[in-house]
$ cat query_35.pdb   # PDB, C-alpha atoms
ATOM      1  CA  MET M   9      23.392  -5.604  -7.610
ATOM      2  CA  THR M  10      25.314  -3.167  -9.747
ATOM      3  CA  GLU M  11      24.722   0.574  -9.918
ATOM      4  CA  ASN M  12      23.126   0.154 -13.339
ATOM      5  CA  GLU M  13      20.767  -2.562 -12.036
ATOM      6  CA  TYR M  14      19.879  -0.346  -9.087
ATOM      7  CA  ASN M  15      19.035   2.564 -11.426
ATOM      8  CA  GLN M  16      16.874   0.264 -13.560
ATOM      9  CA  CYS M  17      15.098  -0.881 -10.407
ATOM     10  CA  VAL M  18      14.395   2.732  -9.430
ATOM     11  CA  ASN M  19      12.978   3.478 -12.876
ATOM     12  CA  GLN M  20      10.899   0.313 -12.935
ATOM     13  CA  TYR M  21       9.439   0.182  -9.401
ATOM     14  CA  ALA M  22       9.433   3.685  -7.886
ATOM     15  CA  ASP M  23       5.936   4.566  -9.107
ATOM     16  CA  ASN M  24       4.463   1.236  -7.990
ATOM     17  CA  VAL M  25       5.921   1.458  -4.488
ATOM     18  CA  TYR M  26       4.820   5.092  -4.167
ATOM     19  CA  ARG M  27       1.286   4.313  -5.362
ATOM     20  CA  PHE M  28       0.969   1.465  -2.856
ATOM     21  CA  ILE M  29       2.202   3.566   0.067
ATOM     22  CA  VAL M  30       0.224   6.721  -0.763
ATOM     23  CA  LYS M  31      -3.015   4.743  -1.147
ATOM     24  CA  ASN M  32      -2.496   3.321   2.332
ATOM     25  CA  LEU M  33      -1.234   6.443   4.085
ATOM     26  CA  ARG M  34      -3.201   9.012   2.080
ATOM     27  CA  HIS M  35      -0.396  11.500   2.661
ATOM     28  CA  GLU M  36       1.888  12.264  -0.257
ATOM     29  CA  GLU M  37       4.870  13.687   1.623
ATOM     30  CA  ASP M  38       5.050  10.779   4.058
ATOM     31  CA  ALA M  39       4.716   8.349   1.156
ATOM     32  CA  ARG M  40       7.611  10.018  -0.671
ATOM     33  CA  ASP M  41       9.758   9.812   2.468
ATOM     34  CA  ILE M  42       8.999   6.125   2.921
ATOM     35  CA  VAL M  43       9.735   5.323  -0.726
ATOM     36  CA  GLN M  44      12.993   7.252  -0.589
ATOM     37  CA  SER M  45      13.992   5.427   2.605
ATOM     38  CA  ALA M  46      13.197   2.072   1.005
ATOM     39  CA  PHE M  47      15.411   2.834  -1.979
ATOM     40  CA  GLU M  48      18.112   4.163   0.321
ATOM     41  CA  LYS M  49      18.030   0.918   2.297
ATOM     42  CA  MET M  50      18.228  -1.079  -0.910
ATOM     43  CA  TRP M  51      21.246   0.988  -1.996
ATOM     44  CA  ARG M  52      23.003   0.356   1.319
ATOM     45  CA  ASN M  53      22.286  -3.382   1.002
ATOM     46  CA  ARG M  54      22.827  -3.651  -2.762
ATOM     47  CA  ASP M  55      25.589  -6.215  -2.325
ATOM     48  CA  SER M  56      23.204  -8.659  -0.645
ATOM     49  CA  VAL M  57      20.066  -7.906  -2.717
ATOM     50  CA  GLU M  58      19.572 -10.083  -5.779
ATOM     51  CA  THR M  59      18.334  -8.141  -8.782
ATOM     52  CA  SER M  60      15.573 -10.696  -9.377
ATOM     53  CA  LYS M  61      14.275 -10.140  -5.828
ATOM     54  CA  SER M  62      14.596  -6.346  -5.767
ATOM     55  CA  LYS M  63      10.848  -5.735  -6.235
ATOM     56  CA  SER M  64       9.949  -7.943  -3.293
ATOM     57  CA  PHE M  65      12.719  -6.378  -1.204
ATOM     58  CA  LEU M  66      11.471  -2.855  -1.941
ATOM     59  CA  PHE M  67       7.836  -3.584  -1.176
ATOM     60  CA  THR M  68       8.747  -5.436   2.012
ATOM     61  CA  VAL M  69      10.937  -2.597   3.277
ATOM     62  CA  ALA M  70       8.385   0.061   2.268
ATOM     63  CA  TYR M  71       5.529  -1.900   3.869
ATOM     64  CA  ASN M  72       7.432  -2.289   7.146
ATOM     65  CA  GLN M  73       8.363   1.395   7.191
ATOM     66  CA  MET M  74       4.740   2.310   6.477
ATOM     67  CA  ILE M  75       3.557   0.192   9.431
ATOM     68  CA  ASP M  76       6.150   1.862  11.678
ATOM     69  CA  HIS M  77       4.978   5.266  10.477
ATOM     70  CA  ILE M  78       1.312   4.396  11.122
ATOM     71  CA  ARG M  79       2.110   3.203  14.629
ATOM     72  CA  LYS M  80       4.097   6.345  15.345
ATOM     73  CA  SER M  81       1.298   8.527  13.988
ATOM     74  CA  LYS M  82      -1.250   6.780  16.151
ATOM     75  CA  ARG M  83       0.822   7.470  19.237
ATOM     76  CA  ILE M  84       1.123  11.131  18.346
ATOM     77  CA  GLN M  85      -2.534  11.332  17.266
ATOM     78  CA  LEU M  86      -1.639  13.466  14.300
ATOM     79  CA  LYS M  87      -4.324  13.389  11.654
ATOM     80  CA  GLU M  88      -4.149  15.308   8.430
ATOM     81  CA  ASP M  89      -6.777  15.594   5.779
ATOM     82  CA  PHE M  90      -6.137  13.915   2.495
ATOM     83  CA  TYR M  91      -6.918  16.244  -0.342
ATOM     84  CA  GLU M  92      -8.317  15.255  -3.674
ATOM     85  CA  ASP M  93      -6.249  15.871  -6.745
ATOM     86  CA  GLY M  94      -7.102  18.963  -8.764
ATOM     87  CA  ARG M  95      -8.876  17.165 -11.569
ATOM     88  CA  SER M  96     -12.569  17.852 -11.786
ATOM     89  CA  GLN M  97     -14.728  14.761 -11.423
ATOM     90  CA  ASP M  98     -18.420  14.279 -11.719
ATOM     91  CA  GLN M  99     -20.317  14.088  -8.431
ATOM     92  CA  GLN M 100     -21.345  10.446  -8.735
ATOM     93  CA  HIS M 101     -17.798   9.237  -9.315
ATOM     94  CA  SER M 102     -16.588  11.372  -6.427
ATOM     95  CA  ASN M 103     -19.242   9.884  -4.106
ATOM     96  CA  MET M 104     -18.336   6.335  -5.136
ATOM     97  CA  LYS M 105     -14.652   7.021  -4.557
ATOM     98  CA  LYS M 106     -15.406   8.567  -1.169
ATOM     99  CA  THR M 107     -17.550   5.595  -0.142
ATOM    100  CA  LEU M 108     -14.879   3.143  -1.266
ATOM    101  CA  MET M 109     -12.196   5.023   0.671
ATOM    102  CA  GLN M 110     -14.421   5.029   3.759
ATOM    103  CA  ALA M 111     -14.881   1.280   3.369
ATOM    104  CA  LEU M 112     -11.127   0.732   3.002
ATOM    105  CA  ASN M 113     -10.412   2.914   6.023
ATOM    106  CA  ARG M 114     -12.671   0.731   8.160
ATOM    107  CA  LEU M 115     -10.324  -2.227   7.584
ATOM    108  CA  ASN M 116      -7.375  -2.883   9.862
ATOM    109  CA  GLU M 117      -3.852  -2.182   8.548
ATOM    110  CA  THR M 118      -3.211  -5.758   7.435
ATOM    111  CA  GLN M 119      -6.520  -6.140   5.622
ATOM    112  CA  LYS M 120      -6.176  -2.794   3.881
ATOM    113  CA  SER M 121      -2.641  -3.599   2.731
ATOM    114  CA  LEU M 122      -3.739  -6.993   1.449
ATOM    115  CA  VAL M 123      -6.561  -5.480  -0.602
ATOM    116  CA  MET M 124      -4.260  -2.799  -1.978
ATOM    117  CA  LEU M 125      -1.506  -5.260  -2.926
ATOM    118  CA  LYS M 126      -3.868  -7.765  -4.530
ATOM    119  CA  ASP M 127      -6.572  -5.637  -6.128
ATOM    120  CA  TYR M 128      -4.735  -2.395  -6.886
ATOM    121  CA  GLU M 129      -1.184  -3.595  -7.502
ATOM    122  CA  GLY M 130      -1.986  -7.063  -8.882
ATOM    123  CA  TYR M 131       0.415  -9.170  -6.820
ATOM    124  CA  ASN M 132      -0.182 -12.890  -6.462
ATOM    125  CA  TYR M 133      -0.687 -14.575  -3.103
ATOM    126  CA  GLU M 134       2.902 -15.792  -2.852
ATOM    127  CA  GLU M 135       4.360 -12.329  -3.503
ATOM    128  CA  ILE M 136       1.990 -10.747  -0.989
ATOM    129  CA  GLY M 137       2.995 -13.363   1.568
ATOM    130  CA  GLN M 138       6.657 -12.496   1.061
ATOM    131  CA  ILE M 139       6.012  -8.771   1.316
ATOM    132  CA  MET M 140       3.877  -9.010   4.439
ATOM    133  CA  ASP M 141       5.598 -11.998   6.036
ATOM    134  CA  LEU M 142       2.479 -14.202   5.896
ATOM    135  CA  THR M 143       1.824 -17.677   4.527
ATOM    136  CA  GLU M 144      -0.197 -18.035   1.342
ATOM    137  CA  SER M 145      -3.055 -19.500   3.377
ATOM    138  CA  GLN M 146      -3.031 -16.532   5.740
ATOM    139  CA  VAL M 147      -3.063 -14.146   2.786
ATOM    140  CA  LYS M 148      -6.078 -15.909   1.281
ATOM    141  CA  VAL M 149      -8.014 -16.033   4.558
ATOM    142  CA  TYR M 150      -7.256 -12.434   5.560
ATOM    143  CA  LEU M 151      -8.019 -11.175   2.063
ATOM    144  CA  HIS M 152     -11.315 -13.066   2.020
ATOM    145  CA  ARG M 153     -12.303 -11.539   5.368
ATOM    146  CA  ALA M 154     -11.303  -8.067   4.178
ATOM    147  CA  ARG M 155     -13.390  -8.406   1.030
ATOM    148  CA  LEU M 156     -16.369  -9.600   3.073
ATOM    149  CA  ALA M 157     -16.049  -6.581   5.337
ATOM    150  CA  LEU M 158     -15.842  -4.293   2.302
ATOM    151  CA  ARG M 159     -18.870  -5.919   0.690
ATOM    152  CA  ASN M 160     -20.924  -5.692   3.862
ATOM    153  CA  TYR M 161     -20.083  -2.017   4.255
ATOM    154  CA  LEU M 162     -20.641  -1.133   0.594
ATOM    155  CA  VAL M 163     -24.036  -2.845   0.295
ATOM    156  CA  SER M 164     -25.430  -1.481   3.532
ATOM    157  CA  PRO M 165     -28.526   0.667   2.864
ATOM    158  CA  GLU M 166     -26.930   3.934   4.010
ATOM    159  CA  ASN M 167     -24.058   3.516   1.524
ATOM    160  CA  VAL M 168     -26.038   2.447  -1.542
ATOM    161  CA  ARG M 169     -26.771   5.529  -3.653
TER     162      ARG M 169
END

$ encode --input "query_35.pdb" --output "structure tokens"
Amino acid sequence: MTENEYNQCVNQYADNVYRFIVKNLRHEEDARDIVQSAFEKMWRNRDSVETSKSKSFLFTVAYNQMIDHIRKSKRIQLKEDFYEDGRSQDQQHSNMKKTLMQALNRLNETQKSLVMLKDYEGYNYEEIGQIMDLTESQVKVYLHRARLALRNYLVSPENVR
């Protein structure tokens, strides 16, 4: 990978990687650190990273760093509140977003990442398998179970508004 190809990769994928990490971590500073580390690792390994596989490489590295960060945070028991962006939203939309985030937070790390990669980022099963080091069949099964858990939570009487 040349310096020019690396710069194009940064321009093309930085927002996507950041969006994926921040939606999982719900902490902007930590997400920025993880994204920066992923790009730093890609720079250090640019000789062995094929340009055509740079997106998969970035998401894999960022995902693994995110999992390490989550594990470290759990050990420390450090919990910070995620704040809403400054845009004003109507109350109904805000409640739906809050309920959806609560539903996502009930999933385990793998399930949540699968839902985010498939439904928010639009990756196919094969790409998700490469990123998360799972087979396509595992991705499909785990994603199905995650969606069932989400559905069951979202249609429960206390969450229907």

$ closest_atom_pairs --input "query_35.pdb" --of "stretch 24-129 of chain M" --to "stretch 150-156 of chain M" --cutoff "8 Å" --atoms "only C-alpha atoms" --output "CSV"
residue,atom,partner,partner_atom,distance
M:Leu115,CA,M:Ala154,CA,6.8
M:Gln119,CA,M:Ala154,CA,5.4
M:Lys120,CA,M:Ala154,CA,7.4
M:Leu122,CA,M:Leu151,CA,6.0
M:Val123,CA,M:Leu151,CA,6.5

$ residues_around --input "query_35.pdb" --residues "stretch 32-43 of chain M" --least-positions-apart "6" --cutoff "9 Å" --atoms "all atoms listed in the file" --output "number ranges by chain"
M: 22, 25-26, 66, 69-71, 73-74, 77-78, 88-91, 113, 117, 120-121, 124

$ residues_around --input "query_35.pdb" --residues "M:Glu129" --least-positions-apart "4" --cutoff "8 Å" --atoms "only C-alpha atoms" --output "JSON, numbers by chain"
{"M": [24, 28, 124, 125]}

$ atom_distance --input "query_35.pdb" --atom1 "atom CA of M:Tyr133" --atom2 "atom CA of M:Val147"
6.4 Å

$ atom_distance --input "query_35.pdb" --atom1 "atom CA of M:Ser64" --atom2 "atom CA of M:Asn15"
16.1 Å

$ atom_distance --input "query_35.pdb" --atom1 "atom CA of M:Arg27" --atom2 "atom CA of M:Val57"
22.6 Å

$ residues_near_point --input "query_35.pdb" --point "(24.2, 1.2, -8.0)" --cutoff "10 Å" --atoms "only C-alpha atoms" --output "ChimeraX atom specification"
/M:9-17,50-52,54-55

$ write_last_selection --input "query_35.pdb" --atoms "C-alpha atoms" --output "mmCIF file, keeping the file's coordinate frame"
data_model
loop_
_atom_site.group_PDB
_atom_site.id
_atom_site.type_symbol
_atom_site.label_atom_id
_atom_site.label_comp_id
_atom_site.auth_asym_id
_atom_site.auth_seq_id
_atom_site.Cartn_x
_atom_site.Cartn_y
_atom_site.Cartn_z
ATOM 1 C CA MET M 9 23.392 -5.604 -7.610
ATOM 2 C CA THR M 10 25.314 -3.167 -9.747
ATOM 3 C CA GLU M 11 24.722 0.574 -9.918
ATOM 4 C CA ASN M 12 23.126 0.154 -13.339
ATOM 5 C CA GLU M 13 20.767 -2.562 -12.036
ATOM 6 C CA TYR M 14 19.879 -0.346 -9.087
ATOM 7 C CA ASN M 15 19.035 2.564 -11.426
ATOM 8 C CA GLN M 16 16.874 0.264 -13.560
ATOM 9 C CA CYS M 17 15.098 -0.881 -10.407
ATOM 10 C CA MET M 50 18.228 -1.079 -0.910
ATOM 11 C CA TRP M 51 21.246 0.988 -1.996
ATOM 12 C CA ARG M 52 23.003 0.356 1.319
ATOM 13 C CA ARG M 54 22.827 -3.651 -2.762
ATOM 14 C CA ASP M 55 25.589 -6.215 -2.325
#

$ residues_around --input "query_35.pdb" --residues "M:Asp141" --least-positions-apart "2" --cutoff "12 Å" --atoms "all atoms listed in the file" --output "PyMOL selection string"
chain M and resi 64-65+67-69+71-72+118+122+133-139+143-147

$ closest_residue --input "query_35.pdb" --among "M:Ala157, M:Ile75, M:Leu142, M:Leu162" --to "M:Met104" --atoms "all atoms listed in the file"
M:Leu162
